[in-house]
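Structure file entry17.csv with CSV, C-alpha atoms:
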```csv
chain,number,residue,atom,x,y,z
A,9,MET,CA,16.0,4.0,1.2
A,10,GLY,CA,19.3,2.9,2.5
A,11,ALA,CA,19.3,2.5,6.3
A,12,GLY,CA,21.1,0.7,9.0
A,13,PHE,CA,18.1,-0.4,10.9
A,14,TYR,CA,19.8,-3.3,12.7
A,15,ASP,CA,23.5,-2.9,13.9
A,16,LYS,CA,26.2,-5.3,14.9
A,17,LYS,CA,29.9,-5.2,15.5
A,18,VAL,CA,32.1,-5.7,12.5
A,19,SER,CA,33.2,-9.3,11.9
A,20,SER,CA,36.7,-10.1,10.5
A,21,THR,CA,35.2,-10.5,7.1
A,22,HIS,CA,33.8,-7.0,7.1
A,23,GLN,CA,36.7,-4.9,8.3
A,24,LEU,CA,36.7,-1.3,7.0
A,25,PRO,CA,39.5,1.2,7.1
A,26,TYR,CA,39.5,3.6,10.1
A,27,PRO,CA,37.9,6.8,8.9
A,28,SER,CA,40.6,9.4,8.6
A,29,ILE,CA,38.4,12.2,9.9
A,30,LEU,CA,38.3,10.5,13.3
A,31,ARG,CA,42.0,10.1,13.7
A,32,GLY,CA,43.4,12.2,16.5
A,33,LEU,CA,40.0,12.8,18.2
A,34,GLY,CA,40.9,10.6,21.1
A,35,VAL,CA,37.7,8.5,20.9
A,36,PRO,CA,37.4,4.7,20.6
A,37,PHE,CA,36.5,3.1,17.3
A,38,PHE,CA,33.3,1.1,17.3
A,39,PRO,CA,32.5,0.2,13.7
A,40,LEU,CA,28.9,-0.9,13.2
A,41,LEU,CA,27.3,-2.6,10.2
A,42,PRO,CA,23.7,-3.2,9.3
A,43,HIS,CA,22.5,-6.7,9.9
A,44,ASN,CA,22.1,-7.8,6.3
A,45,SER,CA,20.7,-11.3,7.1
A,46,LEU,CA,17.1,-9.9,7.2
A,47,MET,CA,16.5,-10.0,3.4
A,48,THR,CA,13.0,-9.6,2.1
A,49,ILE,CA,11.2,-12.8,1.2
A,50,ILE,CA,11.3,-11.8,-2.5
A,51,GLN,CA,15.1,-11.3,-2.3
A,52,ASN,CA,15.4,-14.8,-0.8
A,53,ILE,CA,13.3,-16.4,-3.5
A,54,LEU,CA,15.3,-14.8,-6.3
A,55,LYS,CA,18.6,-15.5,-4.7
A,56,ASP,CA,17.8,-19.2,-4.1
A,57,HIS,CA,16.8,-19.8,-7.7
A,58,TYR,CA,18.9,-17.3,-9.5
A,59,GLU,CA,20.7,-19.9,-11.7
A,60,GLU,CA,17.5,-21.6,-12.6
A,61,LEU,CA,16.0,-18.2,-13.5
A,62,ILE,CA,19.0,-17.5,-15.9
A,63,TYR,CA,19.3,-21.0,-17.5
A,64,ILE,CA,15.7,-22.1,-17.6
A,65,LEU,CA,13.6,-18.9,-18.1
A,66,HIS,CA,16.2,-17.1,-20.3
A,67,PRO,CA,15.1,-13.7,-19.1
A,68,ARG,CA,15.5,-10.3,-21.0
A,69,PRO,CA,18.6,-8.2,-20.2
A,70,ALA,CA,16.4,-5.7,-18.2
A,71,VAL,CA,15.2,-8.6,-16.0
A,72,VAL,CA,18.7,-9.8,-15.3
A,73,ASP,CA,19.8,-6.3,-14.5
A,74,ASN,CA,16.9,-5.7,-12.0
A,75,VAL,CA,17.1,-9.1,-10.4
A,76,GLU,CA,20.9,-8.8,-9.8
A,77,LYS,CA,20.4,-5.3,-8.3
A,78,MET,CA,17.7,-6.5,-6.0
A,79,ILE,CA,19.6,-9.5,-4.8
A,80,HIS,CA,22.5,-7.3,-3.7
A,81,CYS,CA,20.3,-4.5,-2.4
A,82,GLY,CA,21.7,-3.4,1.0
A,83,ASP,CA,24.8,-5.7,0.8
A,84,PRO,CA,27.7,-3.9,2.6
A,85,ALA,CA,30.1,-5.5,0.1
A,86,PHE,CA,28.9,-3.1,-2.6
A,87,GLY,CA,29.7,-0.1,-0.5
A,88,GLY,CA,28.0,2.5,1.5
A,89,THR,CA,28.3,5.6,3.8
A,90,MET,CA,30.0,5.8,7.2
A,91,PHE,CA,28.6,8.0,9.8
A,92,GLY,CA,30.3,8.7,13.1
A,93,CYS,CA,29.4,10.2,16.5
A,94,PRO,CA,31.8,13.2,17.3
A,95,HIS,CA,31.1,12.6,21.0
A,96,CYS,CA,31.6,8.9,21.8
A,97,GLY,CA,33.1,7.7,18.5
A,98,LYS,CA,30.6,5.1,17.6
A,99,LEU,CA,30.1,4.5,13.8
A,100,LYS,CA,27.2,3.5,11.7
A,101,PHE,CA,27.7,2.0,8.2
A,102,VAL,CA,24.7,2.5,5.8
A,103,PRO,CA,24.9,0.3,2.7
A,104,PHE,CA,24.0,1.5,-0.7
A,105,ARG,CA,20.6,0.5,-2.1
A,106,CYS,CA,19.9,-0.8,-5.6
A,107,HIS,CA,17.4,1.9,-6.6
A,108,SER,CA,15.5,-0.6,-8.7
A,109,ARG,CA,11.7,-0.1,-9.2
A,110,PHE,CA,11.3,-3.8,-8.9
A,111,CYS,CA,12.8,-4.0,-5.5
A,112,PRO,CA,10.1,-3.8,-2.7
A,113,THR,CA,12.3,-1.5,-0.6
A,114,CYS,CA,13.6,0.8,-3.3
A,115,GLY,CA,10.4,0.5,-5.3
A,116,ASN,CA,8.4,2.0,-2.4
A,117,LEU,CA,10.8,5.0,-2.2
A,118,TYR,CA,10.5,5.4,-6.0
A,119,SER,CA,6.7,5.3,-5.7
A,120,MET,CA,6.8,8.0,-3.0
A,121,CYS,CA,9.0,10.3,-5.0
A,122,ARG,CA,6.9,9.7,-8.1
A,123,THR,CA,3.7,10.3,-6.2
A,124,THR,CA,5.1,13.7,-5.0
A,125,SER,CA,6.0,14.7,-8.5
A,126,MET,CA,2.5,13.8,-9.7
A,127,ALA,CA,1.0,15.7,-6.9
A,128,PHE,CA,2.9,18.8,-7.9
A,129,LYS,CA,1.1,18.7,-11.3
A,130,LEU,CA,-2.5,18.4,-9.9
A,131,ILE,CA,-4.8,21.3,-10.4
A,132,ASN,CA,-7.1,22.1,-7.5
A,133,VAL,CA,-10.2,20.6,-9.0
A,134,PRO,CA,-12.0,17.2,-8.6
A,135,HIS,CA,-10.5,14.3,-10.6
A,136,ARG,CA,-12.0,11.1,-12.1
A,137,HIS,CA,-10.4,7.7,-12.1
A,138,CYS,CA,-10.8,5.7,-15.3
A,139,VAL,CA,-9.4,2.3,-16.1
A,140,PHE,CA,-9.0,1.4,-19.8
A,141,THR,CA,-8.9,-2.4,-20.3
A,142,ILE,CA,-8.4,-4.6,-23.4
A,143,ASP,CA,-9.7,-7.8,-24.8
A,144,SER,CA,-8.0,-10.9,-23.3
A,145,HIS,CA,-7.0,-12.2,-26.7
A,146,LEU,CA,-4.9,-9.0,-27.3
A,147,ARG,CA,-2.7,-9.5,-24.1
A,148,GLU,CA,-0.4,-11.9,-25.8
A,149,PHE,CA,0.5,-9.4,-28.5
A,150,PHE,CA,1.8,-6.9,-25.9
A,151,LEU,CA,3.7,-9.6,-24.1
A,152,LYS,CA,5.5,-10.7,-27.3
A,153,ASP,CA,6.2,-7.2,-28.5
A,154,ARG,CA,6.5,-4.7,-25.7
A,155,SER,CA,6.8,-1.8,-28.0
A,156,LEU,CA,3.0,-2.2,-28.6
A,157,LEU,CA,2.5,-0.9,-25.0
A,158,ASP,CA,3.0,2.6,-26.4
A,159,CYS,CA,-0.3,2.0,-28.4
A,160,LEU,CA,-2.2,1.9,-25.1
A,161,PHE,CA,-0.8,5.3,-24.0
A,162,HIS,CA,-1.4,6.9,-27.4
A,163,SER,CA,-5.0,5.6,-27.6
A,164,VAL,CA,-6.0,6.8,-24.1
A,165,ASN,CA,-4.4,10.2,-24.9
A,166,LYS,CA,-6.4,10.6,-28.1
A,167,VAL,CA,-9.7,9.4,-26.6
A,168,VAL,CA,-9.6,11.6,-23.5
A,169,SER,CA,-8.5,14.7,-25.5
A,170,ARG,CA,-11.2,14.0,-28.1
A,171,MET,CA,-13.9,13.7,-25.5
A,172,PHE,CA,-13.1,17.1,-24.1
A,173,PHE,CA,-12.7,18.7,-27.5
A,174,LYS,CA,-16.2,17.6,-28.4
A,175,GLN,CA,-17.6,19.7,-25.5
A,176,ASN,CA,-16.9,22.9,-27.4
A,177,GLN,CA,-14.7,22.7,-30.5
A,178,ALA,CA,-14.3,26.5,-30.8
A,179,MET,CA,-13.0,26.9,-27.2
A,180,ASN,CA,-10.8,23.7,-27.3
A,181,PHE,CA,-11.0,22.7,-23.6
A,182,VAL,CA,-8.0,20.7,-22.6
A,183,PRO,CA,-8.0,18.5,-19.4
A,184,GLY,CA,-5.1,17.5,-17.3
A,185,PHE,CA,-4.6,13.7,-17.0
A,186,ILE,CA,-2.1,11.2,-15.7
A,187,MET,CA,-1.7,7.8,-17.3
A,188,VAL,CA,-0.1,4.8,-15.5
A,189,LEU,CA,0.5,1.5,-17.1
A,190,HIS,CA,-0.1,-1.6,-15.1
A,191,THR,CA,0.8,-4.9,-16.7
A,192,PHE,CA,-0.3,-7.1,-13.8
A,193,GLY,CA,-3.6,-8.2,-12.3
A,194,ARG,CA,-4.0,-9.1,-8.6
A,195,ASP,CA,-3.1,-12.7,-9.4
A,196,LEU,CA,0.2,-11.5,-11.0
A,197,LYS,CA,-0.9,-12.7,-14.5
A,198,TRP,CA,-0.1,-10.6,-17.6
A,199,ASN,CA,-3.0,-8.1,-17.9
A,200,PRO,CA,-1.9,-4.7,-19.4
A,201,HIS,CA,-4.3,-1.8,-18.8
A,202,ILE,CA,-4.1,1.9,-18.2
A,203,HIS,CA,-5.1,3.7,-15.1
A,204,CYS,CA,-5.9,7.3,-15.8
A,205,LEU,CA,-6.6,10.2,-13.4
A,206,ILE,CA,-8.5,12.9,-15.3
A,207,SER,CA,-9.4,16.4,-14.2
A,208,GLU,CA,-13.2,17.1,-14.2
A,209,GLY,CA,-12.8,20.1,-16.4
A,210,GLY,CA,-10.7,21.6,-19.1
A,211,TYR,CA,-8.8,24.8,-19.8
A,212,SER,CA,-9.4,26.7,-23.1
A,213,ASP,CA,-6.8,28.4,-25.2
A,214,ASN,CA,-8.0,31.9,-24.0
A,215,GLY,CA,-7.7,31.0,-20.3
A,216,VAL,CA,-11.3,29.9,-19.5
A,217,TRP,CA,-11.8,26.9,-17.2
A,218,ARG,CA,-15.0,24.8,-17.7
A,219,ASN,CA,-16.1,22.2,-15.2
A,220,ILE,CA,-17.2,18.9,-16.8
A,221,ARG,CA,-18.9,16.4,-14.7
A,222,HIS,CA,-20.4,14.1,-17.4
A,223,PHE,CA,-18.1,11.5,-18.9
A,224,SER,CA,-19.7,9.6,-21.8
A,225,TYR,CA,-19.3,5.9,-21.2
A,226,SER,CA,-20.3,4.8,-24.7
A,227,PHE,CA,-17.9,7.2,-26.3
A,228,LEU,CA,-14.9,6.1,-24.1
A,229,ARG,CA,-15.6,2.4,-24.7
A,230,ASN,CA,-16.1,2.7,-28.5
A,231,ALA,CA,-13.5,5.3,-29.1
A,232,PHE,CA,-10.8,3.4,-27.1
A,233,ARG,CA,-11.6,0.1,-28.9
A,234,THR,CA,-11.4,1.8,-32.4
A,235,VAL,CA,-8.3,3.9,-31.8
A,236,LEU,CA,-6.4,1.0,-30.1
A,237,LEU,CA,-7.2,-1.6,-32.8
A,238,ASP,CA,-6.3,0.9,-35.6
A,239,GLU,CA,-3.0,1.7,-33.8
A,240,MET,CA,-2.2,-2.0,-33.5
A,241,GLU,CA,-3.1,-2.7,-37.1
A,242,THR,CA,-0.7,0.0,-38.2
A,243,LYS,CA,2.1,-1.6,-36.2
A,244,LEU,CA,1.3,-5.3,-37.0
A,245,GLY,CA,0.1,-5.0,-40.6
A,246,PRO,CA,-2.6,-6.9,-42.5
A,247,SER,CA,-2.1,-10.1,-40.4
A,248,PHE,CA,-3.9,-8.3,-37.5
A,249,LYS,CA,-7.2,-7.8,-39.5
A,250,GLN,CA,-8.8,-11.1,-38.4
A,251,VAL,CA,-8.1,-10.4,-34.7
A,252,LYS,CA,-9.5,-6.9,-35.2
A,253,ALA,CA,-12.7,-8.1,-36.8
A,254,ARG,CA,-13.2,-10.6,-33.9
A,255,CYS,CA,-12.8,-7.9,-31.4
A,256,TYR,CA,-15.5,-5.8,-33.1
A,257,ARG,CA,-17.8,-8.8,-33.1
A,258,GLU,CA,-17.2,-9.7,-29.5
A,259,HIS,CA,-17.2,-6.1,-28.1
A,260,LYS,CA,-19.9,-4.3,-30.0
A,261,GLU,CA,-20.2,-1.8,-27.2
A,262,GLY,CA,-16.4,-1.3,-27.0
A,263,PHE,CA,-13.7,-2.3,-24.6
A,264,TYR,CA,-14.6,-2.1,-20.9
A,265,VAL,CA,-13.7,1.3,-19.4
A,266,TYR,CA,-14.4,1.9,-15.7
A,267,ALA,CA,-15.3,5.6,-15.3
A,268,LYS,CA,-18.1,5.7,-12.7
A,269,PRO,CA,-18.5,9.0,-10.9
A,270,LYS,CA,-16.5,8.8,-7.6
A,271,LYS,CA,-15.8,11.7,-5.2
A,272,CYS,CA,-12.2,12.4,-5.7
A,273,ASN,CA,-11.3,15.9,-4.4
A,274,PRO,CA,-7.6,17.1,-4.8
A,275,GLU,CA,-6.6,15.9,-1.3
A,276,THR,CA,-8.1,12.4,-1.9
A,277,ALA,CA,-6.5,12.3,-5.4
A,278,ILE,CA,-3.0,12.8,-3.9
A,279,LYS,CA,-3.6,9.9,-1.4
A,280,TYR,CA,-5.1,7.8,-4.2
A,281,ILE,CA,-2.1,8.3,-6.4
A,282,GLY,CA,0.3,7.1,-3.8
A,283,ARG,CA,-1.8,4.1,-2.7
A,284,TYR,CA,-2.8,2.8,-6.0
A,285,LEU,CA,-1.1,4.3,-9.1
A,286,GLY,CA,2.4,4.0,-7.6
A,287,ARG,CA,2.1,0.5,-6.1
A,288,PRO,CA,4.6,-2.3,-6.8
A,289,VAL,CA,3.7,-5.6,-8.5
A,290,ILE,CA,3.4,-7.4,-5.2
A,291,ALA,CA,4.1,-6.3,-1.6
A,292,SER,CA,6.1,-8.7,0.6
A,293,SER,CA,3.2,-8.7,3.0
A,294,ARG,CA,1.1,-10.6,0.5
A,295,ILE,CA,3.5,-13.5,0.4
A,296,ASP,CA,2.3,-15.9,3.1
A,297,CYS,CA,4.7,-18.8,2.8
A,298,TYR,CA,7.9,-19.9,0.9
A,299,ASP,CA,9.4,-23.3,1.6
A,300,GLY,CA,12.0,-23.4,-1.1
A,301,ASP,CA,9.8,-25.2,-3.7
A,302,PHE,CA,6.4,-23.4,-3.5
A,303,VAL,CA,5.2,-19.9,-2.8
A,304,THR,CA,1.8,-19.0,-1.3
A,305,PHE,CA,0.4,-15.6,-1.7
A,306,HIS,CA,-3.0,-14.0,-1.3
A,307,TYR,CA,-5.1,-11.3,-2.9
A,308,ASN,CA,-8.7,-10.0,-3.0
A,309,ARG,CA,-10.4,-10.9,-6.3
A,310,HIS,CA,-11.3,-7.9,-8.3
A,311,GLU,CA,-14.8,-9.1,-9.4
A,312,ASP,CA,-16.3,-9.8,-5.9
A,313,ASP,CA,-13.5,-8.8,-3.5
A,314,ALA,CA,-13.3,-12.4,-2.3
A,315,TYR,CA,-10.1,-13.4,-0.4
A,316,VAL,CA,-8.1,-15.8,-2.6
A,317,GLU,CA,-5.0,-17.8,-1.5
A,318,GLU,CA,-2.9,-19.3,-4.3
A,319,THR,CA,0.1,-21.6,-4.1
A,320,LEU,CA,2.5,-21.9,-7.1
A,321,PRO,CA,5.7,-23.7,-7.9
A,322,VAL,CA,8.5,-21.3,-7.2
A,323,MET,CA,9.6,-21.0,-10.8
A,324,GLU,CA,6.1,-20.3,-12.0
A,325,PHE,CA,5.9,-17.6,-9.3
A,326,ILE,CA,9.2,-16.1,-10.5
A,327,GLN,CA,8.0,-16.2,-14.1
A,328,ARG,CA,4.8,-14.3,-13.2
A,329,LEU,CA,6.8,-11.8,-11.3
A,330,ILE,CA,9.6,-11.0,-13.7
A,331,GLN,CA,7.4,-10.6,-16.8
A,332,HIS,CA,6.2,-7.3,-15.3
A,333,ILE,CA,9.7,-5.8,-15.2
A,334,PRO,CA,9.7,-3.1,-17.9
A,335,GLU,CA,12.5,-2.4,-20.4
A,336,LYS,CA,15.2,-0.1,-19.3
A,337,HIS,CA,14.2,3.6,-19.3
A,338,TYR,CA,10.6,2.7,-20.4
A,339,LYS,CA,8.2,5.2,-18.9
A,340,MET,CA,5.3,3.5,-17.2
A,341,LEU,CA,3.8,6.9,-16.2
A,342,ARG,CA,3.0,9.7,-18.6
A,343,TYR,CA,1.2,13.0,-18.5
A,344,GLY,CA,-1.4,14.3,-20.9
A,345,GLY,CA,-3.2,17.6,-21.7
A,346,ILE,CA,-2.3,20.6,-19.6
A,347,TYR,CA,-0.2,18.3,-17.3
A,348,ALA,CA,2.2,17.6,-20.2
A,349,ARG,CA,2.7,21.2,-21.4
A,350,HIS,CA,4.4,24.3,-20.1
A,351,ARG,CA,2.7,27.4,-21.3
A,352,GLU,CA,2.6,30.8,-19.7
A,353,ILE,CA,-1.2,30.9,-19.6
A,354,ASP,CA,-1.2,27.6,-17.6
A,355,LYS,CA,0.6,29.3,-14.7
A,356,LYS,CA,-2.6,31.0,-13.8
A,357,LEU,CA,-4.1,27.7,-12.7
A,358,HIS,CA,-4.3,27.0,-9.0
A,359,ARG,CA,-2.3,23.9,-8.1
A,360,VAL,CA,-3.0,21.7,-5.1
A,361,ILE,CA,0.6,22.1,-3.9
A,362,SER,CA,2.1,25.6,-4.4
A,363,ARG,CA,5.6,25.8,-5.9
A,364,GLU,CA,6.9,27.3,-2.7
A,365,LYS,CA,6.2,24.1,-0.9
A,366,HIS,CA,7.9,21.7,-3.4
A,367,SER,CA,11.2,21.7,-1.6
A,368,ILE,CA,9.5,20.9,1.7
A,369,TYR,CA,7.6,17.9,0.2
A,370,ARG,CA,10.8,16.6,-1.5
A,371,SER,CA,12.7,16.7,1.8
A,372,PHE,CA,10.4,14.1,3.2
A,373,HIS,CA,11.9,11.5,0.9
A,374,LYS,CA,15.5,12.0,2.0
A,375,TRP,CA,16.8,8.9,3.7
A,376,ARG,CA,16.9,10.4,7.2
A,377,SER,CA,13.6,12.2,7.0
A,378,ALA,CA,11.8,9.1,5.5
A,379,ILE,CA,12.9,6.8,8.3
A,380,LEU,CA,12.0,9.4,10.9
A,381,SER,CA,8.5,9.8,9.5
A,382,SER,CA,7.9,6.1,8.8
A,383,PHE,CA,9.4,4.5,11.9
A,384,GLY,CA,9.5,7.3,14.4
A,385,TYR,CA,13.3,7.5,15.1
A,386,ASP,CA,16.3,9.4,13.9
A,387,PRO,CA,18.8,6.9,12.3
A,388,LEU,CA,21.7,9.4,12.9
A,389,LYS,CA,21.0,9.9,16.5
A,390,CYS,CA,23.6,8.2,18.6
A,391,GLU,CA,22.9,6.3,21.9
A,392,CYS,CA,24.7,9.1,23.7
A,393,GLY,CA,22.2,11.7,22.3
A,394,ALA,CA,24.6,13.3,19.8
A,395,ILE,CA,23.9,13.5,16.0
A,396,MET,CA,26.2,11.3,13.9
A,397,LEU,CA,28.2,13.1,11.1
A,398,PHE,CA,29.1,12.0,7.7
A,399,GLN,CA,32.6,10.5,7.7
A,400,GLU,CA,33.5,8.7,4.4
A,401,LEU,CA,32.1,6.8,1.4
A,402,TYR,CA,33.1,3.2,0.7
A,403,TYR,CA,33.0,1.2,-2.5
A,404,ARG,CA,33.7,-2.5,-2.1
A,405,HIS,CA,35.4,-1.8,1.3
A,406,LYS,CA,37.7,0.9,-0.2
A,407,ARG,CA,37.5,4.5,0.9
A,408,VAL,CA,36.3,6.8,-1.9
A,409,SER,CA,37.5,10.4,-2.0
A,410,LEU,CA,34.7,12.8,-2.7
A,411,GLU,CA,37.2,15.2,-4.4
A,412,GLU,CA,38.4,12.3,-6.6
A,413,MET,CA,34.8,11.4,-7.5
A,414,TYR,CA,34.1,15.0,-8.4
A,415,GLU,CA,37.2,15.3,-10.6
A,416,ASN,CA,36.3,12.1,-12.4
A,417,VAL,CA,32.8,13.2,-13.1
A,418,MET,CA,33.9,16.7,-14.3
A,419,SER,CA,36.6,15.2,-16.6
A,420,ARG,CA,34.1,12.8,-18.2
A,421,SER,CA,31.7,15.8,-18.7
A,422,ARG,CA,34.4,17.8,-20.3
A,423,GLY,CA,35.4,14.9,-22.5
A,424,ARG,CA,31.8,14.5,-23.7
A,425,ARG,CA,31.5,18.2,-24.5
A,426,SER,CA,34.8,18.3,-26.4
A,427,SER,CA,33.9,15.2,-28.5
A,428,ALA,CA,30.5,16.8,-29.3
```
Translate this structure into structure tokens?
Amino acid sequence: MGAGFYDKKVSSTHQLPYPSILRGLGVPFFPLLPHNSLMTIIQNILKDHYEELIYILHPRPAVVDNVEKMIHCGDPAFGGTMFGCPHCGKLKFVPFRCHSRFCPTCGNLYSMCRTTSMAFKLINVPHRHCVFTIDSHLREFFLKDRSLLDCLFHSVNKVVSRMFFKQNQAMNFVPGFIMVLHTFGRDLKWNPHIHCLISEGGYSDNGVWRNIRHFSYSFLRNAFRTVLLDEMETKLGPSFKQVKARCYREHKEGFYVYAKPKKCNPETAIKYIGRYLGRPVIASSRIDCYDGDFVTFHYNRHEDDAYVEETLPVMEFIQRLIQHIPEKHYKMLRYGGIYARHREIDKKLHRVISREKHSIYRSFHKWRSAILSSFGYDPLKCECGAIMLFQELYYRHKRVSLEEMYENVMSRSRGRRSSA
């Protein structure tokens, strides 16, 4: 969310044209800019070692794109929006944000919006949280060939759907489930696994809902192992057979699947989605120290919840961090079952959040509302008490005409339609 939290008077290097809408109002011009020196610690780390990242680590294009966006997130030189007070003439310049999921600031807003979208899907029934993990020897395959990550989604989808289908094959009960791919562990190492939120019940083809409280551990473990290994063998060919055979020998009861019963009513499920399923790779608050050469961060170990503090050379920290940046347009979150379809009969289901309230929930994520709810103040309220109004857009310190932008977009749209 772009916001001018800290303001200062414009320096000679940040002069902006006088907003035309304020000319003739008889009010003084007090241009204000956000204090851009307060970068996040992750931004500082990447900015300080950007050239080393490019020439030593040789990152993927998606990594370069996200890192560059994040470094310049909130930089006034890349443009923004000017707001002005109609009463006293003071101005506030709000810089554009990068909108990268990798950015701690923009990633949080992305998670909030994604959480809201997921909450709109939820049926008003209890849900179960399941975690589908893989053998440690398989992780390297997914790191070298990221297209294999689709196998994880396909396998979970097949296994969950099959488990409910076995309850009554004639009725064909279909659950609703949300799958989220995490490629990171708490120590930031590569550890791809799927978090899945599954409704404790299914909907039949003739509109009958059946509650299902028992999830078969043995079936989930064995079925997930079998389906995933078969999917990977199809992708990788005969060379994968030895690895597949070893996985069967070492995991005779299947891959570990966490699916213990846990009270998760709809309200709790919504909070859970936002707190866990939508979280970034690492929060800035977990980084304790950065001295230019080393980075110290902490986490609670998953096995025993013990507090662990780890210090890494800065390039190793960056390597761990950027490996979790997905390819461009790759969907890390996917829906399954009744959450992935749009049938008339499904409209009879009672959702946690009714359609009439969707616009209200979405409004909370707008820049002004988000700051007001998070920090308790209105960013457009002037010191004199009046509400600041939109004045102009700027791109690289040049005024941008909204009419011109609209015409350009429409002309490109007409050009695409004519060429089609």
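CA of Ala231 in chain A sits 26.8 Å away from CA of Arg194 in chain A.
Using only C-alpha atoms, the shortest contact distance between Thr242 in chain A and any of A:Tyr298, A:Val265, A:Cys159, A:His358 is found at A:Cys159.
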Excluding Arg370 in chain A and residues on its chain fewer than 2 positions from it, collect all residues at most 10 Å away from it, counting only C-alpha atoms, and give them as a tab-separated table (two decimals) with C-alpha atoms, in the coordinates of the input.
```tsv
chain	number	residue	atom	x	y	z
A	120	MET	CA	6.80	8.00	-3.00
A	121	CYS	CA	9.00	10.30	-5.00
A	124	THR	CA	5.10	13.70	-5.00
A	125	SER	CA	6.00	14.70	-8.50
A	365	LYS	CA	6.20	24.10	-0.90
A	366	HIS	CA	7.90	21.70	-3.40
A	367	SER	CA	11.20	21.70	-1.60
A	368	ILE	CA	9.50	20.90	1.70
A	372	PHE	CA	10.40	14.10	3.20
A	373	HIS	CA	11.90	11.50	0.90
A	374	LYS	CA	15.50	12.00	2.00
A	377	SER	CA	13.60	12.20	7.00
```
Legend entry - Pick from A:Lys100, A:His80, A:Arg328, A:Arg294, whichever lies nearest to Asn52 in chain A using all atoms listed in the file: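 Smallest distance to Asn52 in chain A is found for A:His80.
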Legend entry - Point-to-point distance from CA of Ile50 in chain A to CA of Ile330 in chain A, Å rounded to tenths: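 Separation of CA of Ile50 in chain A and CA of Ile330 in chain A: 11.4 Å.
Proximity to Pro84 in chain A was assessed for A:Cys390, A:Leu401, A:Ile131, A:Ser169 counting all atoms listed in the file; the smallest distance is recorded for A:Leu401.
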Would you mind completing range 240-253 of chain A to N, CA and C atoms and writing the output as a tab-separated table (two decimals), in the coordinates of the input?
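Output contents, as saved in out10.tsv:
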```
chain	number	residue	atom	x	y	z
A	240	MET	N	-2.83	-0.74	-33.44
A	240	MET	CA	-2.20	-2.00	-33.50
A	240	MET	C	-2.10	-2.55	-34.94
A	241	GLU	N	-3.12	-2.29	-35.73
A	241	GLU	CA	-3.10	-2.70	-37.10
A	241	GLU	C	-1.98	-1.99	-37.90
A	242	THR	N	-1.80	-0.73	-37.59
A	242	THR	CA	-0.70	0.00	-38.20
A	242	THR	C	0.64	-0.56	-37.88
A	243	LYS	N	0.79	-1.03	-36.64
A	243	LYS	CA	2.10	-1.60	-36.20
A	243	LYS	C	2.27	-3.03	-36.74
A	244	LEU	N	1.18	-3.84	-36.72
A	244	LEU	CA	1.30	-5.30	-37.00
A	244	LEU	C	1.04	-5.62	-38.47
A	245	GLY	N	0.34	-4.73	-39.18
A	245	GLY	CA	0.10	-5.00	-40.60
A	245	GLY	C	-1.20	-5.78	-40.84
A	246	PRO	N	-1.40	-6.23	-42.09
A	246	PRO	CA	-2.60	-6.90	-42.50
A	246	PRO	C	-2.92	-8.20	-41.71
A	247	SER	N	-1.90	-8.83	-41.14
A	247	SER	CA	-2.10	-10.10	-40.40
A	247	SER	C	-2.99	-9.87	-39.17
A	248	PHE	N	-3.14	-8.63	-38.75
A	248	PHE	CA	-3.90	-8.30	-37.50
A	248	PHE	C	-5.41	-8.17	-37.84
A	249	LYS	N	-5.79	-8.14	-39.12
A	249	LYS	CA	-7.20	-7.80	-39.50
A	249	LYS	C	-8.19	-8.81	-38.94
A	250	GLN	N	-7.84	-10.09	-38.92
A	250	GLN	CA	-8.80	-11.10	-38.40
A	250	GLN	C	-9.04	-10.89	-36.92
A	251	VAL	N	-7.98	-10.64	-36.17
A	251	VAL	CA	-8.10	-10.40	-34.70
A	251	VAL	C	-8.95	-9.13	-34.50
A	252	LYS	N	-8.71	-8.13	-35.31
A	252	LYS	CA	-9.50	-6.90	-35.20
A	252	LYS	C	-10.94	-7.09	-35.44
A	253	ALA	N	-11.26	-7.87	-36.47
A	253	ALA	CA	-12.70	-8.10	-36.80
A	253	ALA	C	-13.34	-8.91	-35.66
```
